[in-house]
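Student: Please read through the structure below; I'll follow up with questions.
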Amino acid sequence: MSENYSDAMLKQAVGTAHKEALKETAGENASYIPYLASVDSNLCGAAIVTADGRVFEAGDSRFEFAIESISKVFTLALVMDEVGAPAIRDKVGANPTGMPFNSVLALELAKGKPLSPLVNAGAIATASLVTGSDTEARWQRILDMQSAFAGRGISLSDEVNESEQTTNFHNRAIAWILYSAGTCYSDPLEALDIYTRQCSTLISAVDLATMGATLANHGVNPVTGKTVIKKENTQHILAEMMMEGLYTASGDFAYEVGLPGKSGVGGGILAVVPGKMAIAGFAPPLDPSGNSIRGQAAVRSVATQLNLNLFAQ
């Protein structure tokens, strides 16, 4: 359990990880979303939150960045709690696509089934399963779930949302393909709208580590003490993260770090150590797969220092 790691050990680990991350100079900000291109590429933060609620951080750990695709994890948690893991597996899927996160080809080859809730097609399908009386009610449930995971009120950035909504033409095509295949379970443009909004909230590395620690703590937020999702669903969510959390680099991340992870093109990256802690990194420059280079370095450093690789236990 997390109490096996002293405060001094964890403080040193996150500090060292931040220093290691700063050595990485490669990568570029996401440019296809104007807001993301404008974020300072020199920002870099790291955080650890343990399953018993201790917080350790370094660098720009309180800077709020766009959650982007990391949001897929928490909408998945919301829907899985409501309809159950078997229904998610049946309607959306539980296998990596082996292709880019926004691939239309992957969707076509699977005859319209998204395969994974952590690629864009699967995330839109998952958003279409959120229940509510109207669009705003469904969106509020997603926002409330993000806030419950973070342990504080998470807000939509109008600037990010505007930037996303006016450039999401590729995702509009995906939504209509899903609908034509019977794998979008609401109006496709409504599903796309709330999916785009869920990607446009602002979080910090500390928020992200808290969200991950809630999964590490079997669905109970360790900072607030509140149960957020059913314990039995955390294992399925972590399995999805291990298989597809870093898109086409998911296998490399599993090979090197050995933890369930999730990235977003806003520069955030999360890794979860079941029963122990979560590690979050943030830096805008991305690798060709869309994953933060310095964020990966920070997470990898903590995992190595503390011997957290699940396959090395």
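Residues are referred to by chain and number: the chain letter is A, B, ... according to the order shown in the structure tokens, the number counts from 1 in that chain, and ligands are numbered separately from 1 in the order shown.
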Listing only residues of segment 16-46 of chain A within 7 Å of segment 148-171 of chain A, what is the closest atom pair and its distance in Å (to one decimal) for each, using only C-alpha atoms, sorted by chain and residue number ascending, as a Markdown table?
Tutor:
```
| residue | atom | partner | partner_atom | distance |
| --- | --- | --- | --- | --- |
| A:Ile33 | CA | A:Ser163 | CA | 6.2 |
| A:Pro34 | CA | A:Ser163 | CA | 6.1 |
| A:Tyr35 | CA | A:Val160 | CA | 6.0 |
```
Student: So that I have them on file, write out the residues from the current selection with all heavy atoms, as a PDB file, in the first residue's frame.
Tutor:
```pdb
ATOM      1  N   ILE A  33      -5.331  22.260 -33.136  1.00  0.00           N
ATOM      2  CA  ILE A  33      -6.277  22.996 -32.297  1.00  0.00           C
ATOM      3  C   ILE A  33      -5.588  24.297 -31.909  1.00  0.00           C
ATOM      4  O   ILE A  33      -4.575  24.271 -31.192  1.00  0.00           O
ATOM      5  CB  ILE A  33      -6.662  22.187 -31.041  1.00  0.00           C
ATOM      6  CG1 ILE A  33      -7.336  20.865 -31.446  1.00  0.00           C
ATOM      7  CG2 ILE A  33      -7.591  22.999 -30.135  1.00  0.00           C
ATOM      8  CD1 ILE A  33      -7.551  19.901 -30.307  1.00  0.00           C
ATOM      9  N   PRO A  34      -6.054  25.432 -32.399  1.00  0.00           N
ATOM     10  CA  PRO A  34      -5.339  26.702 -32.205  1.00  0.00           C
ATOM     11  C   PRO A  34      -4.978  27.008 -30.752  1.00  0.00           C
ATOM     12  O   PRO A  34      -3.868  27.483 -30.474  1.00  0.00           O
ATOM     13  CB  PRO A  34      -6.326  27.734 -32.771  1.00  0.00           C
ATOM     14  CG  PRO A  34      -7.096  26.970 -33.803  1.00  0.00           C
ATOM     15  CD  PRO A  34      -7.241  25.587 -33.251  1.00  0.00           C
ATOM     16  N   TYR A  35      -5.877  26.741 -29.814  1.00  0.00           N
ATOM     17  CA  TYR A  35      -5.588  27.040 -28.409  1.00  0.00           C
ATOM     18  C   TYR A  35      -4.342  26.291 -27.935  1.00  0.00           C
ATOM     19  O   TYR A  35      -3.476  26.856 -27.254  1.00  0.00           O
ATOM     20  CB  TYR A  35      -6.776  26.668 -27.535  1.00  0.00           C
ATOM     21  CG  TYR A  35      -6.520  26.858 -26.053  1.00  0.00           C
ATOM     22  CD1 TYR A  35      -6.792  28.062 -25.422  1.00  0.00           C
ATOM     23  CD2 TYR A  35      -5.983  25.821 -25.274  1.00  0.00           C
ATOM     24  CE1 TYR A  35      -6.542  28.243 -24.067  1.00  0.00           C
ATOM     25  CE2 TYR A  35      -5.733  25.991 -23.927  1.00  0.00           C
ATOM     26  CZ  TYR A  35      -6.008  27.203 -23.329  1.00  0.00           C
ATOM     27  OH  TYR A  35      -5.749  27.369 -21.994  1.00  0.00           O
TER      28      TYR A  35
END
```
Student: So that I can see what lies close to segment 259-262 of chain A, please list as a ChimeraX atom specification the residues with an atom at most 10 Å from it, counting only C-alpha atoms and leaving out residues fewer than 2 positions away in the same chain.
Tutor: /A:69-73,118,212,237-247,250,253-257,264,268-274,278-280,291,296,299-300,303,308-311
Student: For the residues selected in the previous step, produce a file with C-alpha atoms as a PDB file, in the first residue's frame.
Tutor:
```pdb
ATOM      1  CA  SER A  69      -8.421  12.844 -24.448  1.00  0.00           C
ATOM      2  CA  ILE A  70      -7.727  12.035 -20.810  1.00  0.00           C
ATOM      3  CA  SER A  71     -11.392  12.934 -20.330  1.00  0.00           C
ATOM      4  CA  LYS A  72     -12.306   9.708 -22.111  1.00  0.00           C
ATOM      5  CA  VAL A  73     -11.381   7.750 -18.980  1.00  0.00           C
ATOM      6  CA  LEU A 118     -10.178   5.497 -25.560  1.00  0.00           C
ATOM      7  CA  GLY A 212      -5.809   8.766 -11.092  1.00  0.00           C
ATOM      8  CA  ILE A 237     -11.028   0.957 -16.805  1.00  0.00           C
ATOM      9  CA  LEU A 238      -7.375   0.310 -15.970  1.00  0.00           C
ATOM     10  CA  ALA A 239      -7.303  -2.549 -18.481  1.00  0.00           C
ATOM     11  CA  GLU A 240      -8.551  -0.189 -21.191  1.00  0.00           C
ATOM     12  CA  MET A 241      -5.860   2.311 -20.211  1.00  0.00           C
ATOM     13  CA  MET A 242      -3.123  -0.310 -20.415  1.00  0.00           C
ATOM     14  CA  MET A 243      -4.198  -1.367 -23.919  1.00  0.00           C
ATOM     15  CA  GLU A 244      -4.964   1.965 -25.601  1.00  0.00           C
ATOM     16  CA  GLY A 245      -4.139   4.790 -23.206  1.00  0.00           C
ATOM     17  CA  LEU A 246      -1.221   6.171 -25.203  1.00  0.00           C
ATOM     18  CA  TYR A 247      -2.644   5.275 -28.606  1.00  0.00           C
ATOM     19  CA  SER A 250       0.629   2.136 -25.703  1.00  0.00           C
ATOM     20  CA  PHE A 253       4.631   2.599 -22.580  1.00  0.00           C
ATOM     21  CA  ALA A 254       3.654  -0.794 -21.159  1.00  0.00           C
ATOM     22  CA  TYR A 255       7.075  -2.168 -22.089  1.00  0.00           C
ATOM     23  CA  GLU A 256       9.007   0.699 -20.498  1.00  0.00           C
ATOM     24  CA  VAL A 257       6.773   1.807 -17.610  1.00  0.00           C
ATOM     25  CA  GLY A 264      -4.024  13.936 -23.924  1.00  0.00           C
ATOM     26  CA  GLY A 268      -1.113  15.777 -19.735  1.00  0.00           C
ATOM     27  CA  ILE A 269      -0.205  12.195 -18.987  1.00  0.00           C
ATOM     28  CA  LEU A 270      -1.431   9.927 -16.202  1.00  0.00           C
ATOM     29  CA  ALA A 271      -0.219   6.584 -14.859  1.00  0.00           C
ATOM     30  CA  VAL A 272      -2.007   4.557 -12.174  1.00  0.00           C
ATOM     31  CA  VAL A 273      -0.437   2.133  -9.717  1.00  0.00           C
ATOM     32  CA  PRO A 274      -3.381   0.066  -8.421  1.00  0.00           C
ATOM     33  CA  ALA A 278      -1.105   7.849  -9.395  1.00  0.00           C
ATOM     34  CA  ILE A 279       1.564   9.829 -11.208  1.00  0.00           C
ATOM     35  CA  ALA A 280       0.812  12.785 -13.470  1.00  0.00           C
ATOM     36  CA  ASN A 291       1.836  11.969 -26.125  1.00  0.00           C
ATOM     37  CA  GLN A 296       6.293  10.514 -20.223  1.00  0.00           C
ATOM     38  CA  VAL A 299       6.146   9.321 -15.170  1.00  0.00           C
ATOM     39  CA  ARG A 300       8.845   6.895 -16.277  1.00  0.00           C
ATOM     40  CA  ALA A 303       8.033   4.449 -11.830  1.00  0.00           C
ATOM     41  CA  LEU A 308       6.354   0.471  -9.673  1.00  0.00           C
ATOM     42  CA  ASN A 309       6.314  -1.500 -12.937  1.00  0.00           C
ATOM     43  CA  LEU A 310       3.515  -4.064 -12.485  1.00  0.00           C
ATOM     44  CA  PHE A 311       5.364  -6.617 -14.581  1.00  0.00           C
TER      45      PHE A 311
END
```
Student: What does the distance between atom CA of Leu202 of chain A and atom CA of Ile67 of chain A come to in Å, to one decimal place?
Tutor: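 Pair atom CA of Leu202 of chain A / atom CA of Ile67 of chain A returns 5.8 Å.
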Student: Give me the residues within 9 Å of Val220 of chain A as a list in words, counting only C-alpha atoms and dropping any in the same chain fewer than 5 places off.
Tutor: Ala51, Phe149, Ala213, Thr214, Leu215, Gly225, Lys226, Thr227, Val228, Ile229, Lys230 and Lys231 of chain A
Student: Neighbouring residues of Leu78 of chain A were defined as those with any atom within 9 Å, considering only C-alpha atoms; residues of the same chain fewer than 6 positions away were excluded. Please report them as a CSV table (one decimal) with N, CA and C atoms, in the first residue's frame.
Tutor:
```csv
chain,number,residue,atom,x,y,z
A,130,VAL,N,-24.4,8.4,-22.4
A,130,VAL,CA,-24.7,9.2,-21.2
A,130,VAL,C,-26.1,9.6,-21.2
A,141,ARG,N,-23.7,15.9,-16.2
A,141,ARG,CA,-23.3,14.7,-15.6
A,141,ARG,C,-21.8,14.4,-15.9
A,142,ILE,N,-21.3,14.7,-17.1
A,142,ILE,CA,-19.9,14.4,-17.4
A,142,ILE,C,-19.0,15.4,-16.6
A,145,MET,N,-18.8,14.3,-13.0
A,145,MET,CA,-17.9,13.2,-12.8
A,145,MET,C,-16.5,13.6,-12.8
A,229,ILE,N,-16.9,6.0,-8.1
A,229,ILE,CA,-17.5,4.9,-9.0
A,229,ILE,C,-17.4,3.6,-8.3
```
Student: Residues at most 7 Å from Phe101 of chain A, counting only C-alpha atoms, excluding those fewer than 2 positions away in the same chain, as a PyMOL selection string?
Tutor: chain A and resi 99+103+119-120+247
Student: Could you write out that same residue set with N, CA and C atoms as a CSV table (one decimal), in the first residue's frame?
Tutor:
```csv
chain,number,residue,atom,x,y,z
A,99,MET,N,-4.1,1.7,-34.6
A,99,MET,CA,-4.0,2.8,-35.5
A,99,MET,C,-4.2,4.2,-34.8
A,103,SER,N,-8.5,7.6,-36.2
A,103,SER,CA,-8.5,6.8,-37.5
A,103,SER,C,-9.9,6.5,-37.9
A,119,VAL,N,-10.2,5.7,-28.0
A,119,VAL,CA,-10.0,6.4,-29.3
A,119,VAL,C,-11.2,7.3,-29.5
A,120,ASN,N,-11.0,8.2,-30.5
A,120,ASN,CA,-12.1,9.2,-30.7
A,120,ASN,C,-13.4,8.6,-31.0
A,247,TYR,N,-2.4,5.5,-27.2
A,247,TYR,CA,-2.6,5.3,-28.6
A,247,TYR,C,-1.6,4.3,-29.2
```
Student: Would you mind telling me which residue in A:Thr234, A:Ser133, A:Glu108, A:Ala66 lies nearest to Ala173 of chain A when using only C-alpha atoms?
Tutor: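 Closest residue, counting only C-alpha atoms: A:Glu108.
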Student: Select, from A:Thr131, A:Asn29, A:Thr210, A:Thr126, the residue with the minimum atom-to-atom distance to Ser292 of chain A, counting only C-alpha atoms.
Tutor: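 Result for the nearest residue to Ser292 of chain A: A:Asn29.
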Student: What does the distance from atom CA of Pro188 of chain A to atom CA of Leu129 of chain A come to in Å, to one decimal?
Tutor: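 The value is 11.0 Å.
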Student: I'd like to know which residues of segment 84-243 of chain A are strand (DSSP E or B) (by DSSP, run on the backbone); could you write them as a PyMOL selection string?
Tutor: chain A and resi 156+201-203+220+227
Student: Report, in Å to a single decimal, how far apart atom CA of Arg197 of chain A and atom CA of Glu136 of chain A are.
Tutor: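 Between atom CA of Glu136 of chain A and atom CA of Arg197 of chain A the gap works out to 10.8 Å.
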Student: As an MDAnalysis selection string, please: all residues of segment 45-289 of chain A that backbone DSSP puts in alpha helix (DSSP H).
Tutor: chainID A and resid 71:83 85:91 104:109 120:127 135:150 158:165 169:181 188:198 205:216 231:244 250:256
Student: Hey, can you spit out that residue selection with C-alpha atoms as an mmCIF file, in the first residue's frame?
Tutor:
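Written file, again17.cif:
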```cif
data_model
loop_
_atom_site.group_PDB
_atom_site.id
_atom_site.type_symbol
_atom_site.label_atom_id
_atom_site.label_comp_id
_atom_site.auth_asym_id
_atom_site.auth_seq_id
_atom_site.Cartn_x
_atom_site.Cartn_y
_atom_site.Cartn_z
ATOM 1 C CA SER A 71 -11.392 12.934 -20.330
ATOM 2 C CA LYS A 72 -12.306 9.708 -22.111
ATOM 3 C CA VAL A 73 -11.381 7.750 -18.980
ATOM 4 C CA PHE A 74 -13.854 9.603 -16.777
ATOM 5 C CA THR A 75 -16.782 9.555 -19.180
ATOM 6 C CA LEU A 76 -16.105 5.839 -19.566
ATOM 7 C CA ALA A 77 -16.271 5.524 -15.772
ATOM 8 C CA LEU A 78 -19.600 7.379 -15.699
ATOM 9 C CA VAL A 79 -21.205 5.210 -18.357
ATOM 10 C CA MET A 80 -19.713 1.956 -17.093
ATOM 11 C CA ASP A 81 -21.193 2.630 -13.662
ATOM 12 C CA GLU A 82 -24.574 3.138 -15.287
ATOM 13 C CA VAL A 83 -24.779 0.372 -17.891
ATOM 14 C CA ALA A 85 -18.808 -3.273 -18.004
ATOM 15 C CA PRO A 86 -20.324 -6.027 -20.206
ATOM 16 C CA ALA A 87 -22.517 -3.496 -22.025
ATOM 17 C CA ILE A 88 -19.550 -1.215 -22.686
ATOM 18 C CA ARG A 89 -17.569 -4.122 -24.045
ATOM 19 C CA ASP A 90 -20.461 -5.127 -26.284
ATOM 20 C CA LYS A 91 -21.434 -1.680 -27.551
ATOM 21 C CA VAL A 104 -11.515 6.480 -39.790
ATOM 22 C CA LEU A 105 -9.914 3.433 -41.386
ATOM 23 C CA ALA A 106 -9.905 1.551 -38.077
ATOM 24 C CA LEU A 107 -13.615 2.226 -37.714
ATOM 25 C CA GLU A 108 -14.366 1.091 -41.259
ATOM 26 C CA LEU A 109 -12.319 -2.109 -40.929
ATOM 27 C CA ASN A 120 -12.092 9.191 -30.676
ATOM 28 C CA ALA A 121 -14.706 6.921 -32.255
ATOM 29 C CA GLY A 122 -15.156 4.938 -29.057
ATOM 30 C CA ALA A 123 -15.250 8.066 -26.921
ATOM 31 C CA ILE A 124 -17.997 9.592 -29.070
ATOM 32 C CA ALA A 125 -19.945 6.327 -28.821
ATOM 33 C CA THR A 126 -19.422 6.332 -25.046
ATOM 34 C CA ALA A 127 -20.634 9.941 -24.800
ATOM 35 C CA THR A 135 -27.918 17.867 -24.002
ATOM 36 C CA GLU A 136 -27.188 20.165 -21.068
ATOM 37 C CA ALA A 137 -28.233 17.565 -18.514
ATOM 38 C CA ARG A 138 -25.978 14.976 -20.109
ATOM 39 C CA TRP A 139 -23.070 17.405 -20.250
ATOM 40 C CA GLN A 140 -23.557 18.336 -16.588
ATOM 41 C CA ARG A 141 -23.251 14.681 -15.597
ATOM 42 C CA ILE A 142 -19.915 14.450 -17.391
ATOM 43 C CA LEU A 143 -18.666 17.642 -15.746
ATOM 44 C CA ASP A 144 -19.835 16.445 -12.327
ATOM 45 C CA MET A 145 -17.933 13.187 -12.807
ATOM 46 C CA GLN A 146 -14.708 14.973 -13.686
ATOM 47 C CA SER A 147 -15.153 17.176 -10.624
ATOM 48 C CA ALA A 148 -15.802 14.185 -8.346
ATOM 49 C CA PHE A 149 -12.619 12.507 -9.567
ATOM 50 C CA ALA A 150 -10.571 15.689 -9.105
ATOM 51 C CA ASP A 158 -14.954 28.564 -23.361
ATOM 52 C CA GLU A 159 -11.775 29.403 -25.258
ATOM 53 C CA VAL A 160 -10.712 25.765 -25.602
ATOM 54 C CA ASN A 161 -14.240 24.652 -26.435
ATOM 55 C CA GLU A 162 -14.611 27.287 -29.145
ATOM 56 C CA SER A 163 -11.254 26.283 -30.597
ATOM 57 C CA GLU A 164 -12.297 22.623 -30.584
ATOM 58 C CA GLN A 165 -15.892 23.001 -31.810
ATOM 59 C CA PHE A 169 -14.676 18.341 -38.850
ATOM 60 C CA HIS A 170 -12.840 14.993 -38.786
ATOM 61 C CA ASN A 171 -14.712 13.950 -35.656
ATOM 62 C CA ARG A 172 -18.005 14.966 -37.281
ATOM 63 C CA ALA A 173 -17.298 12.417 -40.001
ATOM 64 C CA ILE A 174 -16.555 9.771 -37.362
ATOM 65 C CA ALA A 175 -19.833 10.552 -35.548
ATOM 66 C CA TRP A 176 -21.865 10.056 -38.732
ATOM 67 C CA ILE A 177 -20.056 6.788 -39.554
ATOM 68 C CA LEU A 178 -20.899 5.535 -36.059
ATOM 69 C CA TYR A 179 -24.524 6.539 -36.519
ATOM 70 C CA SER A 180 -24.767 4.810 -39.893
ATOM 71 C CA ALA A 181 -23.379 1.626 -38.322
ATOM 72 C CA PRO A 188 -24.599 11.975 -33.466
ATOM 73 C CA LEU A 189 -24.056 15.730 -33.381
ATOM 74 C CA GLU A 190 -25.302 15.902 -29.789
ATOM 75 C CA ALA A 191 -22.885 13.135 -28.819
ATOM 76 C CA LEU A 192 -20.082 14.970 -30.602
ATOM 77 C CA ASP A 193 -20.984 18.227 -28.872
ATOM 78 C CA ILE A 194 -20.732 16.831 -25.365
ATOM 79 C CA TYR A 195 -17.641 14.800 -26.281
ATOM 80 C CA THR A 196 -15.944 17.969 -27.503
ATOM 81 C CA ARG A 197 -16.936 19.810 -24.341
ATOM 82 C CA GLN A 198 -15.577 17.039 -22.118
ATOM 83 C CA ALA A 205 -1.158 17.945 -12.846
ATOM 84 C CA VAL A 206 -2.267 17.763 -9.203
ATOM 85 C CA ASP A 207 -5.893 17.408 -10.320
ATOM 86 C CA LEU A 208 -4.890 14.694 -12.762
ATOM 87 C CA ALA A 209 -2.913 12.760 -10.160
ATOM 88 C CA THR A 210 -5.909 12.993 -7.796
ATOM 89 C CA MET A 211 -8.189 11.655 -10.521
ATOM 90 C CA GLY A 212 -5.809 8.766 -11.092
ATOM 91 C CA ALA A 213 -5.453 8.129 -7.368
ATOM 92 C CA THR A 214 -9.223 7.677 -7.223
ATOM 93 C CA LEU A 215 -8.825 4.775 -9.643
ATOM 94 C CA ALA A 216 -5.838 3.494 -7.660
ATOM 95 C CA LYS A 231 -14.993 -0.644 -7.079
ATOM 96 C CA GLU A 232 -15.526 -3.484 -9.544
ATOM 97 C CA ASN A 233 -15.330 -1.171 -12.535
ATOM 98 C CA THR A 234 -11.870 0.217 -11.813
ATOM 99 C CA GLN A 235 -10.153 -2.952 -13.026
ATOM 100 C CA HIS A 236 -11.868 -2.730 -16.410
ATOM 101 C CA ILE A 237 -11.028 0.957 -16.805
ATOM 102 C CA LEU A 238 -7.375 0.310 -15.970
ATOM 103 C CA ALA A 239 -7.303 -2.549 -18.481
ATOM 104 C CA GLU A 240 -8.551 -0.189 -21.191
ATOM 105 C CA MET A 241 -5.860 2.311 -20.211
ATOM 106 C CA MET A 242 -3.123 -0.310 -20.415
ATOM 107 C CA MET A 243 -4.198 -1.367 -23.919
ATOM 108 C CA GLU A 244 -4.964 1.965 -25.601
ATOM 109 C CA SER A 250 0.629 2.136 -25.703
ATOM 110 C CA GLY A 251 2.746 -0.973 -26.174
ATOM 111 C CA ASP A 252 5.965 0.978 -25.759
ATOM 112 C CA PHE A 253 4.631 2.599 -22.580
ATOM 113 C CA ALA A 254 3.654 -0.794 -21.159
ATOM 114 C CA TYR A 255 7.075 -2.168 -22.089
ATOM 115 C CA GLU A 256 9.007 0.699 -20.498
#
```
